[in-house]
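J.: I'd like to ask you about the structure that follows.
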Amino acid sequence: MEQILANALGELLTPMTAAYALAAIGLAMHFGFTGLLNFGQAAYMLVGAYAFAMSTLAGLGLVPAILISFAASIVLSFVLGIPTLRLRSDYLAIVTIAAAEILRFIVSTTGLNDVTGGPQGLSGFARDFYSINPFPAGEYGFWAWTMDEKGLWVRVVAWSLVIIAALFVSKMIRSPWGRVIKGIREDEDAVRSLGKNVYSYKMQSLIIGGMLGTLAGIVFVLPRAVQPGNFGTGLTFFIWTILLLGGAATVLGPIIGSMIFWVLLSLTDGLLSAGVDSGVITFITQNQIGGIRFMLVGIGLMLLVIFRPQGIFGNKKELYFNG
Amino acid sequence: MKPRRSNLLGRFTKWVGALSLVLVTTLGGSTALAIAPNPTQDITSQYAIQGTIRQGAANPVEGAVINVVGEGFEGSATTNARGKWEINVPNKGSYTVTLDLATLPEGAKLKPGFENVRTVEIDKVNTVVAIFPLVEIDDPNVTPPPTTNVVLSRIFAGLNFGILLAMAAIGLSLIYGTTGLSNFAHGEMVTIGALTMFTFNRVMGLDIILSALLATAIVTAFGYTQDAVLWRPLRKKRIGITQMMIVSIGLSIVIRYFLQLVYGGDTKVLSQGTTWNIFGVLMPAINVICAGISIIALLGFAWFLTRTRIGKATRAVSDNAALAASTGIDVERIVRIVWVVAAALTGLSGVFIGLYFQAAWDTGFSILLLLFAAVTLGGLGTAFGAAVGALIVGMFVELSTLVIPPDLKFAGALIVLILVLLFRPQGVLGRKQRIG
């Protein structure tokens with residue numbers, strides 16, 4: 001029992017939680033503040049992960065690799081934004097989700113085995129990152145948060161990035177630029193009548209949120225291999241659930257949302273698994289638990305959107321889904 | 001309750017020292033299974049499925065495509081000049097291996113009694129062999145098939161796929177037109193059609209026509225119930241269409257994983273034996289019959305939409321619901337009928353798609369984006385446009401394999417979707433004011 005709780009609370013600080021929080025902050029920029037229905041956040045993460053992994057494997061340093069990832073992310077924003085930002089919002093939703101799947105199909109095709117690793121993906125690209133680890137080898141932390149020096153290093157970097165991103169976004173939102181962005185969310189035509197170039201503002205928002213998604217992709221793959229299967233539509237839907245859980249038009253919401261999401265998932269997972277082991281739960285097997293938790297995510301997403309669309313921290317006045 | 005030894009800390013203590021691996025385990029831990037099971041080790045060195053495809057000892061088949069799905073992993077491989085293929089997989093477990101019959105050379109077929117879909121277990125050994133024995137040819141110098149025939153067979157396959165897609169796409173488009181809902185759970189109606197077909201036909205052993213009718217009836221009932229229980233109350237609550245769209249995403253996840261729970265993660269084989277020779281192209285007989293029935297169903301639907309009072313009322317609601325209501329049309333009743341008709345068409349399409357592609361828990365979801373592409377290509381909310389769009393998408397998907405690798409064929413269709421939005425956002429048959 002204590003073990004299950006420890007596992008669940010351990011999730012609070014994992015780089016995975018941080019990566020999802022980062023991606024959700026990017027999505028908050030898109031959807032929460034600008035009203036853009038981006039259903040392709042997985043595409044930005046994929047671009048970040050692959051551009052970073054491929055550049056470092058090609059022998060470039062960490063900084064060039066990150067810059068290349070950002071450049072790729074900006075290109076993706078233009079490709080997605082130019083055809084769709086002038087159209088009705090559901091077009092953006094369909095195009096972004098389609099683009100994410102196109103990218104996933106392309107990186108996993110066997111024809112590109114030498115470049116992207118095909119269906120197997122890439123690994124061994126994070127050596128540079130761990131070679132600049134300032135922490136000496138050893139065991140750190142206590143109880144649920146025990147980790148080695150690599151774990152500590154990646155956690156410190158990941159969560160610093162989350163904090164910087166959150167500060168950056170909240171600063172942006174309070175600026176004149178942020179007020180225009182929120183104005184676009186509320187009433188595009190009104191903003192246009194004030195002489196603002198709505199299209200250009202939307203594009204800027206798409207780029208900034210996308211770059212946060214790209215950063216999330218890099219953080220996501222640092223402790224593991226890059227695998228194309230990880231960047232499916234499921235990833236995007238998880239990020240949406242996290243965003244809506246915390247509150248779409250908030251900066252803190254995505255971070256807390258990500259923590260709650262992963263702790264709850266780990267907790268249900270642990271309890272179900274313990275239930276099956278001890279024979280209390282008989283109608284499912286150990287292998288089916290993964291499916292159950294997806295179902296729980298789906299149910300949670302539906303209930304949230306219907307009954308509390310502003311999320312835990314959101315203000316109801318701030319968020320409509322207009323469209 | 002005792003703590004499980006195999007979880008995070010248990011593994012942690014055991015593996016301290018195995019430096020590079022520790023990181024992945026502690027950080028990934030139980031959550032690593034979230035999206036797809038992550039390997040805890042470098043997978044290139046671990047488990048693999050492999051085999052050789054040849055028509056007799058002297059005739060290896062080059063370029064045949066094999067797909068592997070299972071344990072959250074998807075991959076594919078193409079046979080080399082010696083007919084060999086190999087796919088590395090991340091974990092032990094059960095995988096479904098499918099040989100894409102369309103990529104075999106002309107005239108090649110499986111030995112009688114063998115299916116092109118097999119399930120393999122990776123358990124004790126790290127590499128398993130999946131065998132697809134072909135009928136042997138003794139002549140070592142088989143002439144390659146003439147290209148015209150390949151093109152023709154691709155065109156037939158494209159038409160066939162397009163017609164099947166059309167019914168589901170019309171369903172999606174009808175619902176969108178009358179209620180404004182971009183229904184992401186639409187693919188699951190296709191899946192339910194295919195899987196209930198499997199239950200009736202293969203598990204219970206019912207007659208194929210009876211099974212198809214029952215499966216369609218179940219999807220129809222599901223469509224009606226879905227509207228009555230979920231969507232109608234949401235419309236009454238005046239929930240925005242974006243919110244409804246996200247609800248449909250949630251619903252899609254719930255249904256999909258429920259189906260996985262009930263039917264398991266493997267592919268259910270539904271296809272039947274005999275093939276017909278049509279203009280020199282071998283087509284499975286069942287696919288030709290399905291396409292024929294689909295065309296009849298589509299024509300019947302066209303008659304319903306243009307000639308009957310309810311059909312006309314449907315188009316009126318689609319055009320402008322408020323205006324339709326003011327002329328005395330009961331909009332809610334029309335929406336109810338639309339859900340039933342759309343679900344029936346989609347269910348039938350699901351049955352046929354199951355017979356065409358085999359059925360799995362995510363069959364519908366894997367073609368959902370193609371359906372959206374079809375609907376958008378034709379012009380959002382126009383029923384006939386969706387049919388035209390579906391034919392274009394079907395043709396494009398199959399014809400594109402002549403040029404691009406088969407595992408990219410869905411990507412090609414989605415790129416067309418983006419190009420259309422760039423140059424003709426109202427779609428092929430759409431009118432300009434619809435894009436608002």
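Quick note on naming: the chains in the structure tokens go A, B, ... in the order shown, residues restart at 1 in each chain, and ligands are numbered from 1 in order of appearance.
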Which residues are near stretch 205-209 of chain B? Cut-off 12 Å, only C-alpha atoms, ignore same chain within fewer than 5 positions. Put them as a ChimeraX atom specification.

T.: /B:196-200,214-216,270-272,286,289-290,293,348,351-352,355

J.: Can you check which residues of stretch 123-184 of chain A DSSP gives as strand (DSSP E or B) on the backbone and send them as an MDAnalysis selection string?

T.: chainID A and resid 139:140 147:148

J.: What does the file look like for those residues with C-alpha atoms, as an mmCIF file, in the first residue's frame?

T.:
data_model
loop_
_atom_site.group_PDB
_atom_site.id
_atom_site.type_symbol
_atom_site.label_atom_id
_atom_site.label_comp_id
_atom_site.auth_asym_id
_atom_site.auth_seq_id
_atom_site.Cartn_x
_atom_site.Cartn_y
_atom_site.Cartn_z
ATOM 1 C CA GLU A 139 21.919 8.665 -4.383
ATOM 2 C CA TYR A 140 19.770 11.714 -3.781
ATOM 3 C CA MET A 147 17.048 9.094 -7.559
ATOM 4 C CA ASP A 148 20.597 8.838 -8.816
#

J.: Skipping near chain neighbours, those fewer than 4 positions away, what residues fall within 10 Å of stretch 194-198 of chain A using only C-alpha atoms, listed as a ChimeraX atom specification?

T.: /A:85-86,180-181,183-184,188-190,202-204

J.: Quick one: of B:Phe396, B:Trp276, B:Trp85, B:Phe156, who's nearest to chain A, counting only C-alpha atoms?

T.: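 The answer is B:Trp85, which sits nearest to chain A.
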
J.: Name the residues in contact with B:Ala77 at a cut-off of 10 Å, using only C-alpha atoms, excluding same-chain residues fewer than 6 positions from it; report them as a ChimeraX atom specification.

T.: /A:109-111,118-119 /B:50,63-68,84-88,99,406-407

J.: Would you output that residue set with C-alpha atoms, as a CSV table (one decimal), in the first residue's frame?

T.:
chain,number,residue,atom,x,y,z
A,109,THR,CA,8.6,4.6,-42.3
A,110,THR,CA,11.2,1.9,-42.9
A,111,GLY,CA,12.5,3.8,-45.9
A,118,GLY,CA,12.2,3.9,-38.6
A,119,PRO,CA,9.8,2.1,-36.3
B,50,GLN,CA,11.2,-12.3,-38.9
B,63,GLY,CA,9.0,-5.7,-51.9
B,64,ALA,CA,6.2,-7.5,-50.0
B,65,VAL,CA,5.1,-5.4,-47.0
B,66,ILE,CA,4.6,-6.9,-43.5
B,67,ASN,CA,3.0,-5.0,-40.7
B,68,VAL,CA,3.3,-5.8,-37.0
B,84,LYS,CA,13.8,-11.8,-46.0
B,85,TRP,CA,12.1,-9.4,-43.5
B,86,GLU,CA,12.7,-8.5,-39.9
B,87,ILE,CA,11.0,-6.2,-37.5
B,88,ASN,CA,12.4,-5.4,-34.0
B,99,LEU,CA,1.2,-9.7,-44.9
B,406,PRO,CA,3.1,1.5,-48.7
B,407,ASP,CA,3.6,2.4,-45.0

J.: Would you mind writing down, as a count of residues only, each residue of stretch 239-381 of chain B that DSSP on the backbone assigns to helix (DSSP H, G or I)?

T.: 106

J.: For atom CA of B:Lys236 and atom CA of A:Leu304, quote the distance in Å rounded to one decimal.

T.: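 A separation of 17.7 Å between them.
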
J.: Distance atom CA of B:Ile241-atom CA of B:Ser182, one decimal place?

T.: 7.9 Å

J.: For B:Phe184, which residue among A:Thr233, A:Ala18, A:Glu186, A:Ile66 is the nearest when counting only C-alpha atoms?

T.: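 Between A:Thr233, A:Ala18, A:Glu186, A:Ile66, the residue approaching B:Phe184 most closely is A:Thr233.
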
J.: May I ask which of the residues B:Arg238, B:Lys268, B:Arg118, B:Lys312 is the closest one to chain A, counting only C-alpha atoms?

T.: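 Of all the options, B:Arg238 lies closest to chain A.
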
J.: Hey, what's within 12 Å of B:Gly412 if we count only C-alpha atoms and toss same-chain stuff fewer than 6 positions away? As a list of chain:residue names, please?

T.: A:Ala98, A:Ala99, A:Glu101, A:Ile102, A:Leu103, A:Phe105, A:Ile106, B:Leu369, B:Leu370, B:Ala373, B:Ile392, B:Val393, B:Gly394, B:Met395, B:Phe396, B:Val397, B:Glu398, B:Leu399, B:Ser400, B:Thr401, B:Leu402, B:Val403, B:Ile404, B:Pro405, B:Pro406, B:Ile418, B:Leu419

J.: For the residues in the current selection, export N, CA and C atoms as a PDB file, in the first residue's frame.

T.:
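Below is the file that was written, out_1.pdb:
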ATOM      1  N   ALA A  98      -4.061  15.985 -38.317  1.00  0.00           N
ATOM      2  CA  ALA A  98      -3.575  15.286 -39.507  1.00  0.00           C
ATOM      3  C   ALA A  98      -2.069  15.468 -39.653  1.00  0.00           C
ATOM      4  N   ALA A  99      -1.585  16.690 -39.407  1.00  0.00           N
ATOM      5  CA  ALA A  99      -0.153  16.945 -39.559  1.00  0.00           C
ATOM      6  C   ALA A  99       0.642  16.109 -38.571  1.00  0.00           C
ATOM      7  N   GLU A 101      -0.129  13.228 -37.381  1.00  0.00           N
ATOM      8  CA  GLU A 101      -0.084  11.841 -37.845  1.00  0.00           C
ATOM      9  C   GLU A 101       0.830  11.693 -39.058  1.00  0.00           C
ATOM     10  N   ILE A 102       0.816  12.700 -39.955  1.00  0.00           N
ATOM     11  CA  ILE A 102       1.700  12.632 -41.125  1.00  0.00           C
ATOM     12  C   ILE A 102       3.143  12.529 -40.655  1.00  0.00           C
ATOM     13  N   LEU A 103       3.519  13.415 -39.721  1.00  0.00           N
ATOM     14  CA  LEU A 103       4.901  13.401 -39.243  1.00  0.00           C
ATOM     15  C   LEU A 103       5.241  12.058 -38.615  1.00  0.00           C
ATOM     16  N   PHE A 105       3.866   9.140 -39.276  1.00  0.00           N
ATOM     17  CA  PHE A 105       4.015   8.138 -40.346  1.00  0.00           C
ATOM     18  C   PHE A 105       5.376   8.280 -41.001  1.00  0.00           C
ATOM     19  N   ILE A 106       5.783   9.550 -41.248  1.00  0.00           N
ATOM     20  CA  ILE A 106       7.033   9.756 -41.988  1.00  0.00           C
ATOM     21  C   ILE A 106       8.235   9.280 -41.167  1.00  0.00           C
TER      22      ILE A 106
ATOM     23  N   LEU B 369      -9.109   9.818 -39.607  1.00  0.00           N
ATOM     24  CA  LEU B 369      -8.567  11.012 -40.259  1.00  0.00           C
ATOM     25  C   LEU B 369      -8.820  10.979 -41.766  1.00  0.00           C
ATOM     26  N   LEU B 370      -8.840   9.778 -42.338  1.00  0.00           N
ATOM     27  CA  LEU B 370      -9.174   9.680 -43.755  1.00  0.00           C
ATOM     28  C   LEU B 370     -10.617  10.118 -43.965  1.00  0.00           C
ATOM     29  N   ALA B 373     -10.654  13.738 -43.828  1.00  0.00           N
ATOM     30  CA  ALA B 373     -10.088  14.236 -45.079  1.00  0.00           C
ATOM     31  C   ALA B 373     -11.140  14.189 -46.174  1.00  0.00           C
ATOM     32  N   ILE B 392     -12.066  10.128 -53.807  1.00  0.00           N
ATOM     33  CA  ILE B 392     -10.742  10.702 -54.099  1.00  0.00           C
ATOM     34  C   ILE B 392      -9.720  10.173 -53.103  1.00  0.00           C
ATOM     35  N   VAL B 393     -10.081  10.190 -51.822  1.00  0.00           N
ATOM     36  CA  VAL B 393      -9.141   9.729 -50.791  1.00  0.00           C
ATOM     37  C   VAL B 393      -8.793   8.259 -51.013  1.00  0.00           C
ATOM     38  N   GLY B 394      -9.813   7.430 -51.266  1.00  0.00           N
ATOM     39  CA  GLY B 394      -9.581   5.997 -51.471  1.00  0.00           C
ATOM     40  C   GLY B 394      -8.643   5.759 -52.638  1.00  0.00           C
ATOM     41  N   MET B 395      -8.929   6.420 -53.756  1.00  0.00           N
ATOM     42  CA  MET B 395      -8.088   6.284 -54.940  1.00  0.00           C
ATOM     43  C   MET B 395      -6.677   6.745 -54.646  1.00  0.00           C
ATOM     44  N   PHE B 396      -6.576   7.887 -53.979  1.00  0.00           N
ATOM     45  CA  PHE B 396      -5.257   8.451 -53.730  1.00  0.00           C
ATOM     46  C   PHE B 396      -4.428   7.516 -52.858  1.00  0.00           C
ATOM     47  N   VAL B 397      -5.079   7.000 -51.803  1.00  0.00           N
ATOM     48  CA  VAL B 397      -4.366   6.110 -50.885  1.00  0.00           C
ATOM     49  C   VAL B 397      -3.788   4.916 -51.643  1.00  0.00           C
ATOM     50  N   GLU B 398      -4.616   4.308 -52.505  1.00  0.00           N
ATOM     51  CA  GLU B 398      -4.150   3.087 -53.168  1.00  0.00           C
ATOM     52  C   GLU B 398      -3.181   3.394 -54.311  1.00  0.00           C
ATOM     53  N   LEU B 399      -3.469   4.446 -55.090  1.00  0.00           N
ATOM     54  CA  LEU B 399      -2.593   4.756 -56.221  1.00  0.00           C
ATOM     55  C   LEU B 399      -1.241   5.273 -55.758  1.00  0.00           C
ATOM     56  N   SER B 400      -1.222   5.951 -54.610  1.00  0.00           N
ATOM     57  CA  SER B 400       0.039   6.530 -54.154  1.00  0.00           C
ATOM     58  C   SER B 400       1.067   5.449 -53.845  1.00  0.00           C
ATOM     59  N   THR B 401       0.610   4.209 -53.580  1.00  0.00           N
ATOM     60  CA  THR B 401       1.580   3.155 -53.261  1.00  0.00           C
ATOM     61  C   THR B 401       2.422   2.788 -54.472  1.00  0.00           C
ATOM     62  N   LEU B 402       2.001   3.226 -55.666  1.00  0.00           N
ATOM     63  CA  LEU B 402       2.833   2.990 -56.837  1.00  0.00           C
ATOM     64  C   LEU B 402       4.116   3.797 -56.750  1.00  0.00           C
ATOM     65  N   VAL B 403       4.058   4.947 -56.056  1.00  0.00           N
ATOM     66  CA  VAL B 403       5.209   5.849 -56.013  1.00  0.00           C
ATOM     67  C   VAL B 403       5.880   5.855 -54.643  1.00  0.00           C
ATOM     68  N   ILE B 404       5.082   5.915 -53.574  1.00  0.00           N
ATOM     69  CA  ILE B 404       5.668   6.049 -52.241  1.00  0.00           C
ATOM     70  C   ILE B 404       5.580   4.716 -51.508  1.00  0.00           C
ATOM     71  N   PRO B 405       6.410   4.540 -50.451  1.00  0.00           N
ATOM     72  CA  PRO B 405       6.352   3.283 -49.697  1.00  0.00           C
ATOM     73  C   PRO B 405       4.956   3.066 -49.114  1.00  0.00           C
ATOM     74  N   PRO B 406       4.492   1.815 -49.105  1.00  0.00           N
ATOM     75  CA  PRO B 406       3.120   1.547 -48.651  1.00  0.00           C
ATOM     76  C   PRO B 406       2.853   2.006 -47.221  1.00  0.00           C
ATOM     77  N   ILE B 418      -4.356  18.858 -46.529  1.00  0.00           N
ATOM     78  CA  ILE B 418      -3.784  20.171 -46.209  1.00  0.00           C
ATOM     79  C   ILE B 418      -3.676  21.024 -47.471  1.00  0.00           C
ATOM     80  N   LEU B 419      -3.287  20.395 -48.583  1.00  0.00           N
ATOM     81  CA  LEU B 419      -3.179  21.147 -49.831  1.00  0.00           C
ATOM     82  C   LEU B 419      -4.540  21.688 -50.258  1.00  0.00           C
TER      83      LEU B 419
END

J.: Between atom CA of A:Lys150 and atom CA of A:Ala137, what is the distance in Å, rounded to a tenth?

T.: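 Result for atom CA of A:Lys150 versus atom CA of A:Ala137: 8.0 Å, one decimal.
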
J.: Can you pull out the residues contacting A:Glu149? Cut-off 6 Å, using only C-alpha atoms, and skip same-chain residues under 2 positions away; I want them as an mmCIF file with C-alpha atoms, in the first residue's frame.

T.:
data_model
loop_
_atom_site.group_PDB
_atom_site.id
_atom_site.type_symbol
_atom_site.label_atom_id
_atom_site.label_comp_id
_atom_site.auth_asym_id
_atom_site.auth_seq_id
_atom_site.Cartn_x
_atom_site.Cartn_y
_atom_site.Cartn_z
ATOM 1 C CA PHE A 135 26.117 16.479 -9.663
ATOM 2 C CA ALA A 137 27.506 10.245 -8.586
ATOM 3 C CA GLY A 138 25.421 9.040 -5.670
ATOM 4 C CA GLY A 151 17.780 11.482 -12.368
ATOM 5 C CA LEU A 152 18.496 14.546 -10.275
#

J.: Nearest residue to B:Asn126 out of B:Ile155, B:Ala169, B:Met245, B:Ala48, using only C-alpha atoms?

T.: B:Ala48

J.: Please identify all polymer residues within 10 Å of A:Leu296, counting only C-alpha atoms, omitting same-chain residues fewer than 3 positions from it, and present them as a PyMOL selection string.

T.: (chain A and resi 265+268+291-293+299-302) or (chain B and resi 250+253-254+257)

J.: Can you spit out the residues from that selection as an mmCIF file, in the first residue's frame, using N, CA and C atoms?

T.:
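Here's the written file result_34.cif:
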data_model
loop_
_atom_site.group_PDB
_atom_site.id
_atom_site.type_symbol
_atom_site.label_atom_id
_atom_site.label_comp_id
_atom_site.auth_asym_id
_atom_site.auth_seq_id
_atom_site.Cartn_x
_atom_site.Cartn_y
_atom_site.Cartn_z
ATOM 1 N N LEU A 265 -3.187 8.755 -12.249
ATOM 2 C CA LEU A 265 -3.027 7.594 -13.126
ATOM 3 C C LEU A 265 -2.209 6.503 -12.448
ATOM 4 N N THR A 268 -4.345 4.867 -9.607
ATOM 5 C CA THR A 268 -5.350 3.908 -10.069
ATOM 6 C C THR A 268 -4.668 2.657 -10.609
ATOM 7 N N GLY A 291 -5.476 -0.502 -20.504
ATOM 8 C CA GLY A 291 -6.677 -0.064 -21.203
ATOM 9 C C GLY A 291 -7.649 0.650 -20.280
ATOM 10 N N ILE A 292 -7.795 0.107 -19.059
ATOM 11 C CA ILE A 292 -8.726 0.708 -18.099
ATOM 12 C C ILE A 292 -8.341 2.154 -17.831
ATOM 13 N N ARG A 293 -7.028 2.399 -17.700
ATOM 14 C CA ARG A 293 -6.683 3.772 -17.360
ATOM 15 C C ARG A 293 -6.898 4.723 -18.520
ATOM 16 N N ILE A 299 -13.178 9.168 -19.762
ATOM 17 C CA ILE A 299 -14.332 9.564 -18.959
ATOM 18 C C ILE A 299 -14.046 10.891 -18.269
ATOM 19 N N GLY A 300 -12.817 11.019 -17.712
ATOM 20 C CA GLY A 300 -12.448 12.260 -17.048
ATOM 21 C C GLY A 300 -12.536 13.448 -17.989
ATOM 22 N N LEU A 301 -12.040 13.250 -19.206
ATOM 23 C CA LEU A 301 -12.067 14.333 -20.194
ATOM 24 C C LEU A 301 -13.504 14.765 -20.480
ATOM 25 N N MET A 302 -14.383 13.790 -20.683
ATOM 26 C CA MET A 302 -15.780 14.114 -20.982
ATOM 27 C C MET A 302 -16.421 14.874 -19.826
ATOM 28 N N GLY B 250 -13.161 12.332 -25.919
ATOM 29 C CA GLY B 250 -13.196 11.510 -24.708
ATOM 30 C C GLY B 250 -13.975 10.230 -24.949
ATOM 31 N N ILE B 253 -12.049 7.690 -26.916
ATOM 32 C CA ILE B 253 -11.047 6.965 -26.116
ATOM 33 C C ILE B 253 -11.733 5.881 -25.284
ATOM 34 N N VAL B 254 -12.858 6.250 -24.637
ATOM 35 C CA VAL B 254 -13.549 5.291 -23.767
ATOM 36 C C VAL B 254 -14.003 4.081 -24.572
ATOM 37 N N TYR B 257 -10.987 1.818 -25.911
ATOM 38 C CA TYR B 257 -10.317 0.945 -24.947
ATOM 39 C C TYR B 257 -11.277 -0.054 -24.326
#

J.: Pick the closest to A:Ser108 from B:Ala411, B:Phe384, B:Phe279, B:Leu164: which is it, counting only C-alpha atoms?

T.: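 Among the listed residues, B:Ala411 lies closest to A:Ser108.
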